[in-house]
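Student: One structure, as structure tokens, below. Some questions next.
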Amino acid sequence: MALPVTTRAAPAMPFAPQPRTAGGGLLRRPSPPAAALRIAPPLFWPWQKVKVGPLSVSPMGFGTWAWGNQLLWGYQESMDTELQECFNLALKNGINLFDTADSYGTGRLNGQSERLLGKFIREYEGPMKSPDDVIIATKFAAYPWRLTSGQFLDRLGIGQLHWSTANYAPLQERALWDGLVEMYEKGLVRAVGVSNYGPKQLLKIHSHLSSRGVPLSSAQVQFSLLSMGDEQMELKTVCDSLGIRLIAYSPLGLGMLTGKYTTSNLPSGPRSVLFRQILPGLESLLTCLKRIAERKGKTMSQVAINWCICKGTIPIPGVKTVRHVEDNLGALGWRLSPAEVSELEAAAMESPKRMVQNIFQTA
């Protein structure tokens, strides 16, 4: 079943294309005359939407895992001003999909990501004329105490189960599925989805929701050039056959595909342990990314994200700074050639190690 892409002419505001750097990042300055740019019309800008169930979303969203996470991402509340600038810049340039979760945030900051998104939406000074202007995709943690369908809170956009309990509490699974049904029937969410479900569990929940008249619109999974194994590809095939949109989280492999890090320049915190294990085997892939990036006049991050788009997914790279937003937006407006996609995948297959999969990922 083909998943539709909806296109429309670029509105006069606020989504007009902005001038870009050589690396594809946005330049926040007045645009020069179109004749002076002499740039061919872009292939894929954020205002050209893709469908997630009934929703029209940008071909790339932004993840907010870092918003409140001190342990892995070094969040501090002093970052909130720049995070709001990130949100505003994304919206002004056509990104309308923001992924979060009720468990994002560490310690006393649990849920901080959702709170910040709510605050930024309320304080946004630009126009919001329709419910599709901002779509929040939030994930509900499968906590042990969520044993009845009435324990989900009111959130709009896409309501997703963060993970399946099939591996450790299979009897809880049905209550969680029924919770999604109840939220959808009450109009608390406009679409429902799952995260970290493998092909087998995806087929089960799809069948259950279908029997209740509720469409399953999205499935999130770790998907990148470092996470493109048989299970990911099988899941993508199942999603395509059922009309479910695949959302690719960690499309940059927690930063390993950006070209920023080496074995002598590791990130701080727990990520350094993982990077130290995997980076030494990525020379072929990183070299290939750099070569294609230089050929395209793009950054390595933009090439890695564009690969996810070329595979028919909606990537949701995380953003913490305005520079992240500018750089990631440069992944849109162009496409890798089929030969370049194959070149990247061949280089990725040479890597002796892959990304560690989420501990909650099911078959």
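All residue names refer to the structure tokens as shown: chains lettered A, B, ... in order, residues numbered from 1 in each chain, ligands numbered from 1 in order.
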With only C-alpha atoms as the counted atoms, please give the residues lying no more than 8 Å from Pro251 in chain A, apart from itself and same-chain residues fewer than 3 positions off, as a list in words.

Tutor: Gln222, Phe223, Ser224, Leu225, Ala248, Leu254, Ala304, Ile305, Cys308, Pro315, Ile316 and Pro317 of chain A

Student: Residues within 6 Å of Gly318 in chain A, please, as an MDAnalysis selection string. Count only C-alpha atoms; anything in the same chain fewer than 2 positions from it doesn't count.

Tutor: chainID A and resid 62:64

Student: Just to confirm, what's the straight-line distance from CA of Lys353 in chain A to CA of Ser227 in chain A in Å (one decimal)?

Tutor: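 About the pair CA of Lys353 in chain A and CA of Ser227 in chain A: they are 9.8 Å apart.
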
Student: From the DSSP assignment of the backbone, select every residue of range 115-311 of chain A that is strand (DSSP E or B), and format the answer as a PyMOL selection string.

Tutor: chain A and resi 135-140+158-161+191-195+216-222+224+227+245-249+262+265

Student: Could you write out the selected residues, including N, CA and C atoms, as a PDB file, in the first residue's frame?

Tutor:
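Writing done, so here's result.pdb:
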```pdb
ATOM      1  N   ILE A 135       2.189  19.633  15.324  1.00  0.00           N
ATOM      2  CA  ILE A 135       1.735  18.279  15.659  1.00  0.00           C
ATOM      3  C   ILE A 135       2.716  17.679  16.660  1.00  0.00           C
ATOM      4  N   ILE A 136       2.219  17.429  17.859  1.00  0.00           N
ATOM      5  CA  ILE A 136       3.033  16.823  18.905  1.00  0.00           C
ATOM      6  C   ILE A 136       2.792  15.317  18.901  1.00  0.00           C
ATOM      7  N   ALA A 137       3.855  14.565  18.726  1.00  0.00           N
ATOM      8  CA  ALA A 137       3.785  13.104  18.813  1.00  0.00           C
ATOM      9  C   ALA A 137       4.393  12.710  20.153  1.00  0.00           C
ATOM     10  N   THR A 138       3.550  12.349  21.104  1.00  0.00           N
ATOM     11  CA  THR A 138       4.068  12.002  22.423  1.00  0.00           C
ATOM     12  C   THR A 138       3.947  10.505  22.667  1.00  0.00           C
ATOM     13  N   LYS A 139       4.843  10.003  23.492  1.00  0.00           N
ATOM     14  CA  LYS A 139       4.879   8.561  23.769  1.00  0.00           C
ATOM     15  C   LYS A 139       4.556   8.331  25.238  1.00  0.00           C
ATOM     16  N   PHE A 140       3.755   7.314  25.496  1.00  0.00           N
ATOM     17  CA  PHE A 140       3.334   6.967  26.847  1.00  0.00           C
ATOM     18  C   PHE A 140       4.157   5.787  27.334  1.00  0.00           C
ATOM     19  N   ILE A 158      -0.308  12.870  17.876  1.00  0.00           N
ATOM     20  CA  ILE A 158      -0.146  11.420  17.763  1.00  0.00           C
ATOM     21  C   ILE A 158       0.156  10.848  19.141  1.00  0.00           C
ATOM     22  N   GLY A 159      -0.672   9.922  19.593  1.00  0.00           N
ATOM     23  CA  GLY A 159      -0.434   9.239  20.855  1.00  0.00           C
ATOM     24  C   GLY A 159       0.222   7.897  20.577  1.00  0.00           C
ATOM     25  N   GLN A 160       1.389   7.663  21.174  1.00  0.00           N
ATOM     26  CA  GLN A 160       2.153   6.457  20.875  1.00  0.00           C
ATOM     27  C   GLN A 160       2.485   5.690  22.152  1.00  0.00           C
ATOM     28  N   LEU A 161       2.448   4.373  22.082  1.00  0.00           N
ATOM     29  CA  LEU A 161       2.989   3.560  23.163  1.00  0.00           C
ATOM     30  C   LEU A 161       4.498   3.537  23.027  1.00  0.00           C
ATOM     31  N   ALA A 191      -4.343  10.633  16.029  1.00  0.00           N
ATOM     32  CA  ALA A 191      -3.783   9.428  15.428  1.00  0.00           C
ATOM     33  C   ALA A 191      -3.063   8.656  16.524  1.00  0.00           C
ATOM     34  N   VAL A 192      -2.897   7.343  16.329  1.00  0.00           N
ATOM     35  CA  VAL A 192      -2.189   6.534  17.319  1.00  0.00           C
ATOM     36  C   VAL A 192      -1.037   5.804  16.641  1.00  0.00           C
ATOM     37  N   GLY A 193       0.001   5.530  17.452  1.00  0.00           N
ATOM     38  CA  GLY A 193       1.172   4.842  16.933  1.00  0.00           C
ATOM     39  C   GLY A 193       1.872   4.065  18.023  1.00  0.00           C
ATOM     40  N   VAL A 194       2.987   3.451  17.661  1.00  0.00           N
ATOM     41  CA  VAL A 194       3.776   2.665  18.612  1.00  0.00           C
ATOM     42  C   VAL A 194       5.250   3.011  18.420  1.00  0.00           C
ATOM     43  N   SER A 195       6.054   2.622  19.385  1.00  0.00           N
ATOM     44  CA  SER A 195       7.494   2.802  19.317  1.00  0.00           C
ATOM     45  C   SER A 195       8.166   1.533  19.838  1.00  0.00           C
ATOM     46  N   LEU A 216      -3.916   2.228  12.920  1.00  0.00           N
ATOM     47  CA  LEU A 216      -2.564   2.413  13.451  1.00  0.00           C
ATOM     48  C   LEU A 216      -1.792   3.227  12.421  1.00  0.00           C
ATOM     49  N   SER A 217      -1.376   4.425  12.799  1.00  0.00           N
ATOM     50  CA  SER A 217      -0.830   5.370  11.826  1.00  0.00           C
ATOM     51  C   SER A 217       0.684   5.412  11.750  1.00  0.00           C
ATOM     52  N   SER A 218       1.376   5.110  12.853  1.00  0.00           N
ATOM     53  CA  SER A 218       2.830   5.259  12.830  1.00  0.00           C
ATOM     54  C   SER A 218       3.517   4.214  13.690  1.00  0.00           C
ATOM     55  N   ALA A 219       4.785   3.962  13.351  1.00  0.00           N
ATOM     56  CA  ALA A 219       5.631   3.061  14.140  1.00  0.00           C
ATOM     57  C   ALA A 219       7.028   3.663  14.181  1.00  0.00           C
ATOM     58  N   GLN A 220       7.516   3.897  15.392  1.00  0.00           N
ATOM     59  CA  GLN A 220       8.853   4.457  15.585  1.00  0.00           C
ATOM     60  C   GLN A 220       9.847   3.348  15.853  1.00  0.00           C
ATOM     61  N   VAL A 221      11.021   3.485  15.267  1.00  0.00           N
ATOM     62  CA  VAL A 221      12.076   2.506  15.512  1.00  0.00           C
ATOM     63  C   VAL A 221      13.416   3.178  15.291  1.00  0.00           C
ATOM     64  N   GLN A 222      14.455   2.671  15.949  1.00  0.00           N
ATOM     65  CA  GLN A 222      15.794   3.174  15.686  1.00  0.00           C
ATOM     66  C   GLN A 222      16.173   2.788  14.252  1.00  0.00           C
ATOM     67  N   SER A 224      18.825   4.013  11.007  1.00  0.00           N
ATOM     68  CA  SER A 224      19.887   4.866  10.485  1.00  0.00           C
ATOM     69  C   SER A 224      20.856   3.992   9.711  1.00  0.00           C
ATOM     70  N   SER A 227      21.855   1.417  11.886  1.00  0.00           N
ATOM     71  CA  SER A 227      20.787   0.549  12.393  1.00  0.00           C
ATOM     72  C   SER A 227      19.841   0.223  11.246  1.00  0.00           C
ATOM     73  N   ARG A 245       3.150   4.686   8.742  1.00  0.00           N
ATOM     74  CA  ARG A 245       4.329   5.498   8.471  1.00  0.00           C
ATOM     75  C   ARG A 245       5.434   5.171   9.476  1.00  0.00           C
ATOM     76  N   LEU A 246       6.636   4.880   8.968  1.00  0.00           N
ATOM     77  CA  LEU A 246       7.765   4.581   9.840  1.00  0.00           C
ATOM     78  C   LEU A 246       8.476   5.881  10.214  1.00  0.00           C
ATOM     79  N   ILE A 247       8.646   6.109  11.510  1.00  0.00           N
ATOM     80  CA  ILE A 247       9.358   7.273  12.033  1.00  0.00           C
ATOM     81  C   ILE A 247      10.717   6.799  12.528  1.00  0.00           C
ATOM     82  N   ALA A 248      11.783   7.410  12.024  1.00  0.00           N
ATOM     83  CA  ALA A 248      13.149   6.967  12.305  1.00  0.00           C
ATOM     84  C   ALA A 248      13.758   7.797  13.424  1.00  0.00           C
ATOM     85  N   TYR A 249      13.904   7.187  14.613  1.00  0.00           N
ATOM     86  CA  TYR A 249      14.594   7.926  15.667  1.00  0.00           C
ATOM     87  C   TYR A 249      16.078   7.576  15.662  1.00  0.00           C
ATOM     88  N   THR A 262      35.705  11.460  17.120  1.00  0.00           N
ATOM     89  CA  THR A 262      36.697  10.452  16.771  1.00  0.00           C
ATOM     90  C   THR A 262      37.053   9.702  18.051  1.00  0.00           C
ATOM     91  N   ASN A 265      38.379  12.098  20.341  1.00  0.00           N
ATOM     92  CA  ASN A 265      37.481  13.213  20.647  1.00  0.00           C
ATOM     93  C   ASN A 265      36.082  12.665  20.869  1.00  0.00           C
TER      94      ASN A 265
END
```

Student: Do you know which residues are at most 8 Å from Glu231 in chain A counting only C-alpha atoms, after dropping those on the same chain fewer than 3 positions away, and could you put them as an MDAnalysis selection string?

Tutor: chainID A and resid 198:199 228 234:235 363

Student: Taking 3 positions as the minimum chain separation for residues in the same chain, which residues sit within 10 Å of Phe87 in chain A when counting only C-alpha atoms? Answer as a PyMOL selection string.

Tutor: chain A and resi 62+82-84+90-92+95-96+98+116-117+120-121+124+319-322+325

Student: Using only C-alpha atoms, determine which residues lie at most 9 Å from Ile309 in chain A, disregarding the query and same-chain residues fewer than 5 positions distant; provide the list as an mmCIF file with N, CA and C atoms, in the first residue's frame.

Tutor:
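Generated file (selection23.cif):
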```cif
data_model
loop_
_atom_site.group_PDB
_atom_site.id
_atom_site.type_symbol
_atom_site.label_atom_id
_atom_site.label_comp_id
_atom_site.auth_asym_id
_atom_site.auth_seq_id
_atom_site.Cartn_x
_atom_site.Cartn_y
_atom_site.Cartn_z
ATOM 1 N N PRO A 59 8.340 16.370 6.194
ATOM 2 C CA PRO A 59 9.066 15.127 5.873
ATOM 3 C C PRO A 59 10.166 14.793 6.868
ATOM 4 N N MET A 60 10.459 15.705 7.768
ATOM 5 C CA MET A 60 11.380 15.482 8.876
ATOM 6 C C MET A 60 10.790 16.170 10.099
ATOM 7 N N ILE A 314 10.268 9.019 8.148
ATOM 8 C CA ILE A 314 10.311 10.391 8.650
ATOM 9 C C ILE A 314 11.362 10.430 9.749
ATOM 10 N N PRO A 315 12.551 10.975 9.481
ATOM 11 C CA PRO A 315 13.575 11.040 10.526
ATOM 12 C C PRO A 315 13.252 12.135 11.539
ATOM 13 N N ALA A 331 19.014 19.074 5.346
ATOM 14 C CA ALA A 331 18.781 17.721 4.820
ATOM 15 C C ALA A 331 17.606 17.696 3.852
ATOM 16 N N LEU A 332 16.851 18.793 3.788
ATOM 17 C CA LEU A 332 15.667 18.865 2.932
ATOM 18 C C LEU A 332 15.962 19.686 1.684
ATOM 19 N N ARG A 335 17.732 15.301 -2.875
ATOM 20 C CA ARG A 335 17.730 13.859 -2.615
ATOM 21 C C ARG A 335 19.013 13.214 -3.098
#
```

Student: As an exercise, work out the distance from CA of Lys296 in chain A to CA of Leu329 in chain A in Å and give it to one decimal place.

Tutor: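 Taking CA of Lys296 in chain A as the start and CA of Leu329 in chain A as the end point, the length is 14.9 Å.
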
Student: What gap, in Å, lies between CA of Gly253 in chain A and CA of Leu279 in chain A?

Tutor: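 Distance between the two atoms: 10.7 Å.
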